[in-house]
Amino acid sequence: MLRTHALSKTFGAHRALDSLDLDIAPGEIFCMLGANGAGKTTTIKLLLGFLKPTAGQALVDGIDVQADPAGARRRLLYLPEQVALYGELSGLENLRYFAGLAGVPDCTPQRLRGWLGAAGVPPAAVERRAGDYSKGMRQKVAIALAIARSARGLLLDEPTSGLDPTASAEFHRLLLGQRDAGAAVLMATHDLFRAREVATTIGLMRDGRLLCSFKAQELSARELEQLYLDEMSAAAGV
Amino acid sequence: MSTATIILRTEMLRMVRGRWLLPLWLAFLAVCGYAAWEGAAWSQQRGTALAAIQDEEREVHRMRRDQIVNELTPENKARYGGAIYATAMSFRATLPQGELPVLTAGQAEGYPMAAKIFPFVASNTIFDEYMAGMENPAVLAAGRFDLAFVLVWLLPLLVLAGSFDLWSFERERGMEPWLLAQPVSPARYLLAKAAARALLLVGPPVLVLVAVLRFTAAAGPAALLQVALLSALYGLFWLGLATFVNLFARNAAQAALGCVAGWLALVVLAPALALGMTDLFAPRASPAERTNALRAMAMQARAEVRRQADAAPPERLPAPNIPDNLRKRALEVERGEQLIQAAVQPYRAQDERRQRWMDLSRASSPAIAFQDALERLAGADAGRALRYQDQAHGFLLGVRRLTQRYLEQDRLLTAADYEHGMPRFVYREAPPGARLGALGVDAGVMALFLLALLALGARRLRRQAFHTE
């Protein structure tokens, strides 16, 4: 569903991504771990068509992102670290707006409430101005959008950064729901614990290269942490 | 529902909920109302002054007719020269107000609105009486708070105030990647957002303007439609500028700075620069120098004719109906006119050259083009004033030809002449096609600026202005 072939991106002399090959199938959560500047966000931006690759190809459901970015985005839902909603609109109105942009049919208030409810937005908050929402609540509206759109691919960039443990746990529960619904998920994160918990596959990135990838359950949480620290130490030349 | 419609509706909803739109509309309504009231007062004063001048002409003719009918006898006719000699005919030539004088005083105060015409008056002095002390110099220096000022200066500020952060705000608060990740092109976002602002920031002010004009001016629907279309085009240009600036600005502060800089450059600096360039390449002769030169010519004519008069046959006795000294004066005036026309030529060429530069300067800023269009719609443009001056001069020459016929026939004026036979000055407007053409040029300038912004914006978009690197 989400594939890259020798995908590379350089900014001047800096190689941000070096020949990345990925293949994330429907129902799979691929967690990318790595220090800041490892190439995680660049990968996501290339899959969204925000950046032009220096070499290689990014494909979403078989669609070349560069050739048809709108077609690719129609199949994707992107969750940035900070989901920004229009503060003047309610959660329901925000969802109606973004669902409408994605071409979701029949955005009746009942259906919108249903999607928001499924994403864990309390009924009392649905009509409240989104300007008063917490970060966790905004993430839930984004998940509601993923549900509404039946997004086939999810690109998540540090989605739980700054969330309290309860909100983070709830978010990952919702994410698993999306995985079970058949979505292919690529998540960039620093949260080793949550990554091991929800991921199907974990990839370690450093200096724009995918160093290794493995099934999440192959390693214990402690082994994963040790591996991560070893790799990061190597990157820092320690 | 198309994505463009969804964006447009949501943007309008956001703007209405933003709680700044209504105060902005009300503020515009207040300044528009005040400016229209000022304009109406000015227009009424001017109309009253013009009516008084025309009344004066009618009163003079009535008095002279009454003198001929009631007081004139063959014995006392010498006492009534003003009434019976064609050489003493007196006329007023006035420039009527345009269809929408409340729009702007424009350049009306810089040109005469009336002329006093006698057969023997030097053509360069017919406007003198109505030139001096017509207006408070402080007002002339500072400009008027008229509708043109509100539209040319303040309408852009209103449009920019509501659209300067059209996209930069999304960028500033991190919404840009989230929006761009939706299957909607950046161009569509921008156009739909701009369309929402056009409906709420350009549409209502134009409606307010038309409503205000409807109540304060007796303008026809065609003139109102022209004002509305030109104002809308001008507003759209500023919306285009705000959209264009947003393609570059990284945050709302930068966008605000860019928009204000654009406003300063096009509304404040460009007219001053255009005038400076015109002064540099087509300077205006000093009015005092011009007046002195023409007066010198008139004096030269008088001296020449007096020299010739010494060699001329003596005045006839008994005197004909019209004394010979008036015929001599007619010769003097004719010679004087020849000299004046010769002396005027370089100034006229200078004026025409300057006028061409001024016309060209319209292309340097949409604000200048729009001001020009408003002045044309108000009938307060320099072209109309100069056209009036030409027609007044033509009327003077016609009066002289008529006088010449009276002199040749040695005929006195009669009561019937005063009742039916006097010529009357009627200002002839430029053909409608010419006015529409000039307005079309102004509209074309604004449209070209807008298209240039769109083209540059499209180029910027193609070069990935919406990168998130």
# chains A, B, ... in the order shown; residues from 1 in each chain; ligands from 1
call {"tool": "residues_around", "arguments": {"residues": "segment 78-94 of chain B", "least_positions_apart": "2", "cutoff": "8 Å", "atoms": "only C-alpha atoms", "output": "PyMOL selection string"}}
result
chain B and resi 50+53-54+57+60-61+64-65+67-68+72+75-76+96+113-120+322+326+392+403+406-407+412-414+424-427
call {"tool": "write_last_selection", "arguments": {"atoms": "N, CA and C atoms", "output": "mmCIF file, in the first residue's frame"}}
result
data_model
loop_
_atom_site.group_PDB
_atom_site.id
_atom_site.type_symbol
_atom_site.label_atom_id
_atom_site.label_comp_id
_atom_site.auth_asym_id
_atom_site.auth_seq_id
_atom_site.Cartn_x
_atom_site.Cartn_y
_atom_site.Cartn_z
ATOM 1 N N LEU B 50 -22.634 78.104 -9.667
ATOM 2 C CA LEU B 50 -22.849 78.063 -11.118
ATOM 3 C C LEU B 50 -24.208 78.678 -11.474
ATOM 4 N N ILE B 53 -24.036 82.369 -11.313
ATOM 5 C CA ILE B 53 -23.343 82.961 -12.468
ATOM 6 C C ILE B 53 -24.281 83.007 -13.675
ATOM 7 N N GLN B 54 -25.034 81.935 -13.864
ATOM 8 C CA GLN B 54 -25.984 81.910 -14.988
ATOM 9 C C GLN B 54 -27.111 82.922 -14.777
ATOM 10 N N GLU B 57 -25.937 86.312 -15.787
ATOM 11 C CA GLU B 57 -26.004 86.546 -17.239
ATOM 12 C C GLU B 57 -27.435 86.912 -17.653
ATOM 13 N N VAL B 60 -28.328 90.433 -16.489
ATOM 14 C CA VAL B 60 -27.710 91.489 -17.307
ATOM 15 C C VAL B 60 -28.509 91.661 -18.597
ATOM 16 N N HIS B 61 -28.829 90.546 -19.231
ATOM 17 C CA HIS B 61 -29.593 90.623 -20.488
ATOM 18 C C HIS B 61 -30.971 91.242 -20.251
ATOM 19 N N ARG B 64 -30.644 95.005 -19.701
ATOM 20 C CA ARG B 64 -30.331 95.735 -20.929
ATOM 21 C C ARG B 64 -31.558 95.803 -21.857
ATOM 22 N N ARG B 65 -32.285 94.718 -21.887
ATOM 23 C CA ARG B 65 -33.506 94.723 -22.703
ATOM 24 C C ARG B 65 -34.484 95.771 -22.163
ATOM 25 N N GLN B 67 -33.761 98.390 -20.503
ATOM 26 C CA GLN B 67 -33.264 99.733 -20.813
ATOM 27 C C GLN B 67 -33.677 100.144 -22.224
ATOM 28 N N ILE B 68 -33.484 99.197 -23.156
ATOM 29 C CA ILE B 68 -33.828 99.504 -24.549
ATOM 30 C C ILE B 68 -35.324 99.800 -24.676
ATOM 31 N N LEU B 72 -34.584 103.994 -23.539
ATOM 32 C CA LEU B 72 -33.776 104.471 -24.662
ATOM 33 C C LEU B 72 -34.576 105.402 -25.583
ATOM 34 N N GLU B 75 -32.145 110.484 -28.450
ATOM 35 C CA GLU B 75 -31.308 111.548 -27.878
ATOM 36 C C GLU B 75 -30.329 111.014 -26.823
ATOM 37 N N ASN B 76 -30.793 110.036 -26.072
ATOM 38 C CA ASN B 76 -29.927 109.625 -24.954
ATOM 39 C C ASN B 76 -29.197 108.307 -25.211
ATOM 40 N N PRO B 96 -20.925 72.833 -16.456
ATOM 41 C CA PRO B 96 -21.879 72.173 -15.552
ATOM 42 C C PRO B 96 -21.210 71.013 -14.816
ATOM 43 N N MET B 113 -14.388 77.142 -13.440
ATOM 44 C CA MET B 113 -15.692 76.545 -13.725
ATOM 45 C C MET B 113 -16.571 77.526 -14.495
ATOM 46 N N ALA B 114 -16.083 78.766 -14.667
ATOM 47 C CA ALA B 114 -16.897 79.758 -15.367
ATOM 48 C C ALA B 114 -15.995 80.779 -16.053
ATOM 49 N N ALA B 115 -16.546 81.423 -17.073
ATOM 50 C CA ALA B 115 -15.799 82.452 -17.798
ATOM 51 C C ALA B 115 -16.716 83.637 -18.027
ATOM 52 N N LYS B 116 -16.112 84.837 -18.012
ATOM 53 C CA LYS B 116 -16.857 86.054 -18.304
ATOM 54 C C LYS B 116 -16.433 86.470 -19.706
ATOM 55 N N ILE B 117 -17.373 86.529 -20.612
ATOM 56 C CA ILE B 117 -17.008 86.727 -22.015
ATOM 57 C C ILE B 117 -17.631 88.012 -22.571
ATOM 58 N N PHE B 118 -16.729 88.913 -23.025
ATOM 59 C CA PHE B 118 -17.136 90.109 -23.776
ATOM 60 C C PHE B 118 -16.396 90.047 -25.098
ATOM 61 N N PRO B 119 -16.922 90.665 -26.131
ATOM 62 C CA PRO B 119 -16.242 90.568 -27.435
ATOM 63 C C PRO B 119 -14.803 91.073 -27.399
ATOM 64 N N PHE B 120 -14.535 92.106 -26.602
ATOM 65 C CA PHE B 120 -13.202 92.701 -26.630
ATOM 66 C C PHE B 120 -12.281 92.217 -25.517
ATOM 67 N N ILE B 322 -22.609 103.021 -34.679
ATOM 68 C CA ILE B 322 -21.559 102.542 -33.765
ATOM 69 C C ILE B 322 -20.331 103.410 -34.023
ATOM 70 N N LEU B 326 -14.850 102.178 -31.695
ATOM 71 C CA LEU B 326 -15.100 100.764 -31.366
ATOM 72 C C LEU B 326 -14.584 99.850 -32.482
ATOM 73 N N ALA B 392 -15.085 77.360 -24.321
ATOM 74 C CA ALA B 392 -15.313 78.751 -23.911
ATOM 75 C C ALA B 392 -14.553 79.702 -24.839
ATOM 76 N N THR B 403 -20.121 90.039 -33.359
ATOM 77 C CA THR B 403 -19.921 91.477 -33.145
ATOM 78 C C THR B 403 -19.451 92.149 -34.430
ATOM 79 N N TYR B 406 -22.221 92.937 -36.668
ATOM 80 C CA TYR B 406 -22.934 94.148 -36.223
ATOM 81 C C TYR B 406 -22.153 95.398 -36.627
ATOM 82 N N LEU B 407 -20.821 95.323 -36.468
ATOM 83 C CA LEU B 407 -19.991 96.490 -36.806
ATOM 84 C C LEU B 407 -20.062 96.780 -38.307
ATOM 85 N N LEU B 412 -27.391 98.338 -34.363
ATOM 86 C CA LEU B 412 -27.468 98.364 -32.901
ATOM 87 C C LEU B 412 -28.257 97.154 -32.410
ATOM 88 N N LEU B 413 -28.005 96.823 -31.172
ATOM 89 C CA LEU B 413 -28.781 95.726 -30.576
ATOM 90 C C LEU B 413 -30.197 96.211 -30.300
ATOM 91 N N THR B 414 -31.121 95.273 -30.386
ATOM 92 C CA THR B 414 -32.520 95.626 -30.144
ATOM 93 C C THR B 414 -33.072 94.765 -29.010
ATOM 94 N N ARG B 424 -25.842 81.531 -26.743
ATOM 95 C CA ARG B 424 -25.793 81.045 -25.357
ATOM 96 C C ARG B 424 -24.762 79.916 -25.305
ATOM 97 N N PHE B 425 -23.931 79.939 -24.286
ATOM 98 C CA PHE B 425 -22.909 78.893 -24.168
ATOM 99 C C PHE B 425 -23.528 77.629 -23.586
ATOM 100 N N VAL B 426 -23.350 76.549 -24.299
ATOM 101 C CA VAL B 426 -23.786 75.251 -23.765
ATOM 102 C C VAL B 426 -22.594 74.301 -23.878
ATOM 103 N N TYR B 427 -22.175 73.781 -22.739
ATOM 104 C CA TYR B 427 -21.023 72.871 -22.761
ATOM 105 C C TYR B 427 -21.416 71.554 -23.423
#
call {"tool": "residues_around", "arguments": {"residues": "segment 235-251 of chain B", "least_positions_apart": "5", "cutoff": "7 Å", "atoms": "only C-alpha atoms", "output": "number ranges by chain"}}
result
B: 155-156, 159-160, 163-169, 171-172, 194, 198, 202, 258-259, 446, 450, 453, 457, 465
call {"tool": "write_last_selection", "arguments": {"atoms": "N, CA and C atoms", "output": "PDB file, in the first residue's frame"}}
result
ATOM      1  N   LEU B 155     -10.341  51.875   0.899  1.00  0.00           N
ATOM      2  CA  LEU B 155     -10.859  50.555   0.495  1.00  0.00           C
ATOM      3  C   LEU B 155      -9.733  49.503   0.470  1.00  0.00           C
ATOM      4  N   PRO B 156      -8.542  49.842  -0.084  1.00  0.00           N
ATOM      5  CA  PRO B 156      -7.462  48.849  -0.037  1.00  0.00           C
ATOM      6  C   PRO B 156      -7.115  48.436   1.389  1.00  0.00           C
ATOM      7  N   VAL B 159      -9.674  45.963   2.557  1.00  0.00           N
ATOM      8  CA  VAL B 159      -9.484  44.642   1.918  1.00  0.00           C
ATOM      9  C   VAL B 159      -8.244  43.957   2.509  1.00  0.00           C
ATOM     10  N   LEU B 160      -7.173  44.725   2.672  1.00  0.00           N
ATOM     11  CA  LEU B 160      -5.935  44.132   3.193  1.00  0.00           C
ATOM     12  C   LEU B 160      -6.107  43.718   4.655  1.00  0.00           C
ATOM     13  N   SER B 163      -7.607  40.362   4.652  1.00  0.00           N
ATOM     14  CA  SER B 163      -7.045  39.283   3.821  1.00  0.00           C
ATOM     15  C   SER B 163      -5.521  39.182   3.887  1.00  0.00           C
ATOM     16  N   PHE B 164      -4.880  40.032   4.699  1.00  0.00           N
ATOM     17  CA  PHE B 164      -3.407  40.009   4.690  1.00  0.00           C
ATOM     18  C   PHE B 164      -2.855  38.665   5.151  1.00  0.00           C
ATOM     19  N   ASP B 165      -3.613  37.950   6.018  1.00  0.00           N
ATOM     20  CA  ASP B 165      -3.112  36.668   6.540  1.00  0.00           C
ATOM     21  C   ASP B 165      -3.879  35.486   5.940  1.00  0.00           C
ATOM     22  N   LEU B 166      -4.362  35.700   4.746  1.00  0.00           N
ATOM     23  CA  LEU B 166      -5.192  34.706   4.051  1.00  0.00           C
ATOM     24  C   LEU B 166      -4.579  33.298   4.104  1.00  0.00           C
ATOM     25  N   TRP B 167      -3.287  33.189   3.877  1.00  0.00           N
ATOM     26  CA  TRP B 167      -2.637  31.888   3.963  1.00  0.00           C
ATOM     27  C   TRP B 167      -1.532  31.875   5.008  1.00  0.00           C
ATOM     28  N   SER B 168      -0.905  33.027   5.218  1.00  0.00           N
ATOM     29  CA  SER B 168       0.230  33.063   6.146  1.00  0.00           C
ATOM     30  C   SER B 168      -0.194  32.666   7.560  1.00  0.00           C
ATOM     31  N   PHE B 169      -1.452  32.929   7.892  1.00  0.00           N
ATOM     32  CA  PHE B 169      -1.938  32.545   9.215  1.00  0.00           C
ATOM     33  C   PHE B 169      -1.946  31.021   9.346  1.00  0.00           C
ATOM     34  N   ARG B 171      -0.013  29.074   7.755  1.00  0.00           N
ATOM     35  CA  ARG B 171       1.396  28.670   7.807  1.00  0.00           C
ATOM     36  C   ARG B 171       1.943  28.908   9.206  1.00  0.00           C
ATOM     37  N   GLU B 172       1.567  30.046   9.764  1.00  0.00           N
ATOM     38  CA  GLU B 172       2.108  30.445  11.068  1.00  0.00           C
ATOM     39  C   GLU B 172       1.704  29.471  12.163  1.00  0.00           C
ATOM     40  N   ALA B 194      -9.704  33.444  -1.463  1.00  0.00           N
ATOM     41  CA  ALA B 194      -9.774  34.802  -2.018  1.00  0.00           C
ATOM     42  C   ALA B 194     -11.214  35.120  -2.433  1.00  0.00           C
ATOM     43  N   ALA B 198     -13.494  38.123  -1.364  1.00  0.00           N
ATOM     44  CA  ALA B 198     -14.082  39.029  -2.366  1.00  0.00           C
ATOM     45  C   ALA B 198     -15.556  39.258  -2.042  1.00  0.00           C
ATOM     46  N   VAL B 202     -15.096  42.859  -0.521  1.00  0.00           N
ATOM     47  CA  VAL B 202     -15.225  43.744  -1.683  1.00  0.00           C
ATOM     48  C   VAL B 202     -16.709  43.990  -1.985  1.00  0.00           C
ATOM     49  N   GLY B 258       4.298  43.134   4.098  1.00  0.00           N
ATOM     50  CA  GLY B 258       4.294  43.140   2.628  1.00  0.00           C
ATOM     51  C   GLY B 258       3.086  43.887   2.075  1.00  0.00           C
ATOM     52  N   CYS B 259       1.932  43.652   2.686  1.00  0.00           N
ATOM     53  CA  CYS B 259       0.707  44.305   2.204  1.00  0.00           C
ATOM     54  C   CYS B 259       0.777  45.816   2.425  1.00  0.00           C
ATOM     55  N   MET B 446      -6.038  48.465 -14.246  1.00  0.00           N
ATOM     56  CA  MET B 446      -6.252  47.705 -13.002  1.00  0.00           C
ATOM     57  C   MET B 446      -6.277  46.205 -13.283  1.00  0.00           C
ATOM     58  N   LEU B 450      -3.770  43.210 -11.952  1.00  0.00           N
ATOM     59  CA  LEU B 450      -4.307  42.009 -11.295  1.00  0.00           C
ATOM     60  C   LEU B 450      -3.835  40.752 -12.016  1.00  0.00           C
ATOM     61  N   LEU B 453      -0.295  39.973 -11.229  1.00  0.00           N
ATOM     62  CA  LEU B 453      -0.157  39.320  -9.916  1.00  0.00           C
ATOM     63  C   LEU B 453      -0.536  37.846 -10.009  1.00  0.00           C
ATOM     64  N   GLY B 457       1.860  34.850  -9.355  1.00  0.00           N
ATOM     65  CA  GLY B 457       1.448  33.922  -8.307  1.00  0.00           C
ATOM     66  C   GLY B 457       1.431  32.491  -8.824  1.00  0.00           C
ATOM     67  N   ALA B 465       5.718  26.947  -4.029  1.00  0.00           N
ATOM     68  CA  ALA B 465       5.714  27.910  -2.934  1.00  0.00           C
ATOM     69  C   ALA B 465       5.269  27.240  -1.641  1.00  0.00           C
TER      70      ALA B 465
END
call {"tool": "closest_atom_pairs", "arguments": {"of": "segment 109-177 of chain A", "to": "segment 84-96 of chain A", "cutoff": "8 Å", "atoms": "only C-alpha atoms", "output": "tab-separated table"}}
result
residue	atom	partner	partner_atom	distance
A:Pro109	CA	A:Leu92	CA	7.7
A:Leu112	CA	A:Leu92	CA	6.5
A:Arg113	CA	A:Leu92	CA	7.0
A:Leu116	CA	A:Leu92	CA	7.6
A:Ala125	CA	A:Gly91	CA	7.3
A:Val126	CA	A:Gly91	CA	5.2
A:Glu127	CA	A:Ser90	CA	5.1
A:Arg128	CA	A:Ser90	CA	5.0
A:Arg129	CA	A:Ser90	CA	4.1
A:Ala130	CA	A:Gly87	CA	4.7
A:Gly131	CA	A:Gly87	CA	3.6
A:Asp132	CA	A:Gly87	CA	7.3
A:Arg138	CA	A:Leu85	CA	7.1
A:Val141	CA	A:Leu95	CA	6.7
A:Ala142	CA	A:Leu95	CA	7.9
A:Ala144	CA	A:Leu95	CA	7.5
A:Leu145	CA	A:Leu95	CA	6.3
call {"tool": "write_last_selection", "arguments": {"atoms": "N, CA and C atoms", "output": "PDB file, in the first residue's frame"}}
result
ATOM      1  N   PRO A 109     -25.095  15.495  10.033  1.00  0.00           N
ATOM      2  CA  PRO A 109     -24.679  15.664  11.438  1.00  0.00           C
ATOM      3  C   PRO A 109     -24.642  14.337  12.192  1.00  0.00           C
ATOM      4  N   LEU A 112     -21.518  12.506  11.178  1.00  0.00           N
ATOM      5  CA  LEU A 112     -20.337  13.198  11.707  1.00  0.00           C
ATOM      6  C   LEU A 112     -20.193  12.920  13.205  1.00  0.00           C
ATOM      7  N   ARG A 113     -21.332  12.965  13.916  1.00  0.00           N
ATOM      8  CA  ARG A 113     -21.307  12.669  15.353  1.00  0.00           C
ATOM      9  C   ARG A 113     -20.852  11.233  15.597  1.00  0.00           C
ATOM     10  N   LEU A 116     -17.109  11.063  15.119  1.00  0.00           N
ATOM     11  CA  LEU A 116     -16.421  11.704  16.239  1.00  0.00           C
ATOM     12  C   LEU A 116     -16.525  10.825  17.490  1.00  0.00           C
ATOM     13  N   ALA A 125     -18.502  17.644  23.640  1.00  0.00           N
ATOM     14  CA  ALA A 125     -17.438  18.469  23.040  1.00  0.00           C
ATOM     15  C   ALA A 125     -17.648  18.703  21.551  1.00  0.00           C
ATOM     16  N   VAL A 126     -18.557  17.927  20.973  1.00  0.00           N
ATOM     17  CA  VAL A 126     -18.719  17.948  19.520  1.00  0.00           C
ATOM     18  C   VAL A 126     -19.072  19.328  18.992  1.00  0.00           C
ATOM     19  N   GLU A 127     -19.921  20.039  19.727  1.00  0.00           N
ATOM     20  CA  GLU A 127     -20.379  21.353  19.266  1.00  0.00           C
ATOM     21  C   GLU A 127     -19.536  22.496  19.822  1.00  0.00           C
ATOM     22  N   ARG A 128     -18.541  22.141  20.642  1.00  0.00           N
ATOM     23  CA  ARG A 128     -17.710  23.199  21.231  1.00  0.00           C
ATOM     24  C   ARG A 128     -16.705  23.731  20.220  1.00  0.00           C
ATOM     25  N   ARG A 129     -16.310  24.984  20.400  1.00  0.00           N
ATOM     26  CA  ARG A 129     -15.307  25.564  19.507  1.00  0.00           C
ATOM     27  C   ARG A 129     -14.006  24.772  19.612  1.00  0.00           C
ATOM     28  N   ALA A 130     -13.433  24.433  18.472  1.00  0.00           N
ATOM     29  CA  ALA A 130     -12.203  23.642  18.465  1.00  0.00           C
ATOM     30  C   ALA A 130     -11.037  24.427  19.042  1.00  0.00           C
ATOM     31  N   GLY A 131     -11.182  25.754  19.112  1.00  0.00           N
ATOM     32  CA  GLY A 131     -10.134  26.573  19.706  1.00  0.00           C
ATOM     33  C   GLY A 131      -9.903  26.211  21.162  1.00  0.00           C
ATOM     34  N   ASP A 132     -10.928  25.610  21.797  1.00  0.00           N
ATOM     35  CA  ASP A 132     -10.796  25.235  23.211  1.00  0.00           C
ATOM     36  C   ASP A 132     -10.335  23.786  23.383  1.00  0.00           C
ATOM     37  N   ARG A 138      -7.810  17.219  19.589  1.00  0.00           N
ATOM     38  CA  ARG A 138      -7.611  17.538  18.157  1.00  0.00           C
ATOM     39  C   ARG A 138      -7.147  16.295  17.398  1.00  0.00           C
ATOM     40  N   VAL A 141     -10.120  14.242  16.600  1.00  0.00           N
ATOM     41  CA  VAL A 141     -10.875  14.729  15.429  1.00  0.00           C
ATOM     42  C   VAL A 141     -10.184  14.243  14.152  1.00  0.00           C
ATOM     43  N   ALA A 142      -8.848  14.230  14.200  1.00  0.00           N
ATOM     44  CA  ALA A 142      -8.117  13.744  13.028  1.00  0.00           C
ATOM     45  C   ALA A 142      -8.371  12.257  12.803  1.00  0.00           C
ATOM     46  N   ALA A 144     -11.074  10.755  13.715  1.00  0.00           N
ATOM     47  CA  ALA A 144     -12.454  10.699  13.202  1.00  0.00           C
ATOM     48  C   ALA A 144     -12.455  10.925  11.694  1.00  0.00           C
ATOM     49  N   LEU A 145     -11.564  11.793  11.254  1.00  0.00           N
ATOM     50  CA  LEU A 145     -11.469  12.041   9.807  1.00  0.00           C
ATOM     51  C   LEU A 145     -10.958  10.793   9.091  1.00  0.00           C
TER      52      LEU A 145
END
call {"tool": "atom_distance", "arguments": {"atom1": "atom CA of Ala443 of chain B", "atom2": "atom CA of Ser43 of chain B"}}
result
25.7 Å
call {"tool": "closest_atom_pairs", "arguments": {"of": "chain B", "to": "chain A", "cutoff": "8 Å", "atoms": "only C-alpha atoms", "output": "JSON lines"}}
result
{"residue": "B:Thr3", "atom": "CA", "partner": "A:Leu101", "partner_atom": "CA", "distance": 5.3}
{"residue": "B:Ile6", "atom": "CA", "partner": "A:Gly100", "partner_atom": "CA", "distance": 6.8}
{"residue": "B:Ile7", "atom": "CA", "partner": "A:Tyr97", "partner_atom": "CA", "distance": 7.5}
{"residue": "B:Thr10", "atom": "CA", "partner": "A:Tyr97", "partner_atom": "CA", "distance": 7.1}
{"residue": "B:Arg14", "atom": "CA", "partner": "A:Glu88", "partner_atom": "CA", "distance": 6.0}
{"residue": "B:Arg17", "atom": "CA", "partner": "A:Glu88", "partner_atom": "CA", "distance": 6.5}
{"residue": "B:Gly18", "atom": "CA", "partner": "A:Glu88", "partner_atom": "CA", "distance": 7.0}
{"residue": "B:Arg173", "atom": "CA", "partner": "A:Ala84", "partner_atom": "CA", "distance": 7.4}
{"residue": "B:Gly174", "atom": "CA", "partner": "A:Ala84", "partner_atom": "CA", "distance": 6.6}
{"residue": "B:Met175", "atom": "CA", "partner": "A:Ala84", "partner_atom": "CA", "distance": 5.2}
{"residue": "B:Pro177", "atom": "CA", "partner": "A:Pro80", "partner_atom": "CA", "distance": 7.7}
{"residue": "B:Trp178", "atom": "CA", "partner": "A:Pro80", "partner_atom": "CA", "distance": 6.8}
{"residue": "B:Ala181", "atom": "CA", "partner": "A:Arg73", "partner_atom": "CA", "distance": 6.2}
{"residue": "B:Gln182", "atom": "CA", "partner": "A:Arg73", "partner_atom": "CA", "distance": 6.0}
{"residue": "B:Pro183", "atom": "CA", "partner": "A:Ala70", "partner_atom": "CA", "distance": 4.7}
{"residue": "B:Val184", "atom": "CA", "partner": "A:Ala70", "partner_atom": "CA", "distance": 6.6}
{"residue": "B:Ser185", "atom": "CA", "partner": "A:Ala70", "partner_atom": "CA", "distance": 7.3}
{"residue": "B:Phe466", "atom": "CA", "partner": "A:Phe50", "partner_atom": "CA", "distance": 7.8}
{"residue": "B:His467", "atom": "CA", "partner": "A:Phe50", "partner_atom": "CA", "distance": 5.9}
{"residue": "B:Thr468", "atom": "CA", "partner": "A:Phe50", "partner_atom": "CA", "distance": 6.5}
{"residue": "B:Glu469", "atom": "CA", "partner": "A:Leu51", "partner_atom": "CA", "distance": 7.4}
call {"tool": "select_by_dssp", "arguments": {"residues": "segment 74-179 of chain A", "states": "strand (DSSP E)", "output": "list in words"}}
result
Leu76, Leu77, Tyr78, Leu79, Gly153, Leu154, Leu155, Leu156 and Asp157 of chain A
call {"tool": "write_last_selection", "arguments": {"atoms": "N, CA and C atoms", "output": "mmCIF file, in the first residue's frame"}}
result
data_model
loop_
_atom_site.group_PDB
_atom_site.id
_atom_site.type_symbol
_atom_site.label_atom_id
_atom_site.label_comp_id
_atom_site.auth_asym_id
_atom_site.auth_seq_id
_atom_site.Cartn_x
_atom_site.Cartn_y
_atom_site.Cartn_z
ATOM 1 N N LEU A 76 -4.719 8.892 1.515
ATOM 2 C CA LEU A 76 -3.894 9.028 2.709
ATOM 3 C C LEU A 76 -4.541 9.922 3.751
ATOM 4 N N LEU A 77 -4.188 9.664 4.982
ATOM 5 C CA LEU A 77 -4.495 10.651 6.012
ATOM 6 C C LEU A 77 -3.177 10.958 6.723
ATOM 7 N N TYR A 78 -2.908 12.226 6.839
ATOM 8 C CA TYR A 78 -1.666 12.662 7.464
ATOM 9 C C TYR A 78 -1.978 13.273 8.818
ATOM 10 N N LEU A 79 -1.269 12.808 9.818
ATOM 11 C CA LEU A 79 -1.420 13.381 11.151
ATOM 12 C C LEU A 79 -0.089 13.991 11.565
ATOM 13 N N GLY A 153 -4.221 4.658 3.868
ATOM 14 C CA GLY A 153 -2.858 4.815 4.368
ATOM 15 C C GLY A 153 -2.815 5.939 5.377
ATOM 16 N N LEU A 154 -2.117 5.707 6.487
ATOM 17 C CA LEU A 154 -1.988 6.748 7.511
ATOM 18 C C LEU A 154 -0.515 7.103 7.667
ATOM 19 N N LEU A 155 -0.229 8.393 7.606
ATOM 20 C CA LEU A 155 1.133 8.859 7.815
ATOM 21 C C LEU A 155 1.134 9.686 9.091
ATOM 22 N N LEU A 156 1.820 9.196 10.104
ATOM 23 C CA LEU A 156 1.765 9.864 11.405
ATOM 24 C C LEU A 156 3.157 10.358 11.776
ATOM 25 N N ASP A 157 3.250 11.644 12.067
ATOM 26 C CA ASP A 157 4.546 12.221 12.394
ATOM 27 C C ASP A 157 4.541 12.652 13.856
#
call {"tool": "residues_around", "arguments": {"residues": "segment 361-373 of chain B", "least_positions_apart": "2", "cutoff": "10 Å", "atoms": "only C-alpha atoms", "output": "PyMOL selection string"}}
result
chain B and resi 104+106-107+148-149+151-153+156+226-227+230-231+233-234+237-238+263+265-271+273-275+277-278+355-359+375-382+435-436+438-450
call {"tool": "closest_residue", "arguments": {"among": "B:Ile340, B:Ala285, B:Ala252, B:Met12", "to": "Arg354 of chain B", "atoms": "only C-alpha atoms"}}
result
B:Ala285
call {"tool": "residues_around", "arguments": {"residues": "Ala301 of chain B", "least_positions_apart": "3", "cutoff": "9 Å", "atoms": "only C-alpha atoms", "output": "NGL selection string"}}
result
:B and (296-298 or 304-306 or 332-339)
call {"tool": "select_by_dssp", "arguments": {"residues": "segment 5-170 of chain A", "states": "helix (DSSP H, G or I)", "output": "PyMOL selection string"}}
result
chain A and resi 40-48+69-74+91-101+109-118+123-125+130-132+135-149+165-170
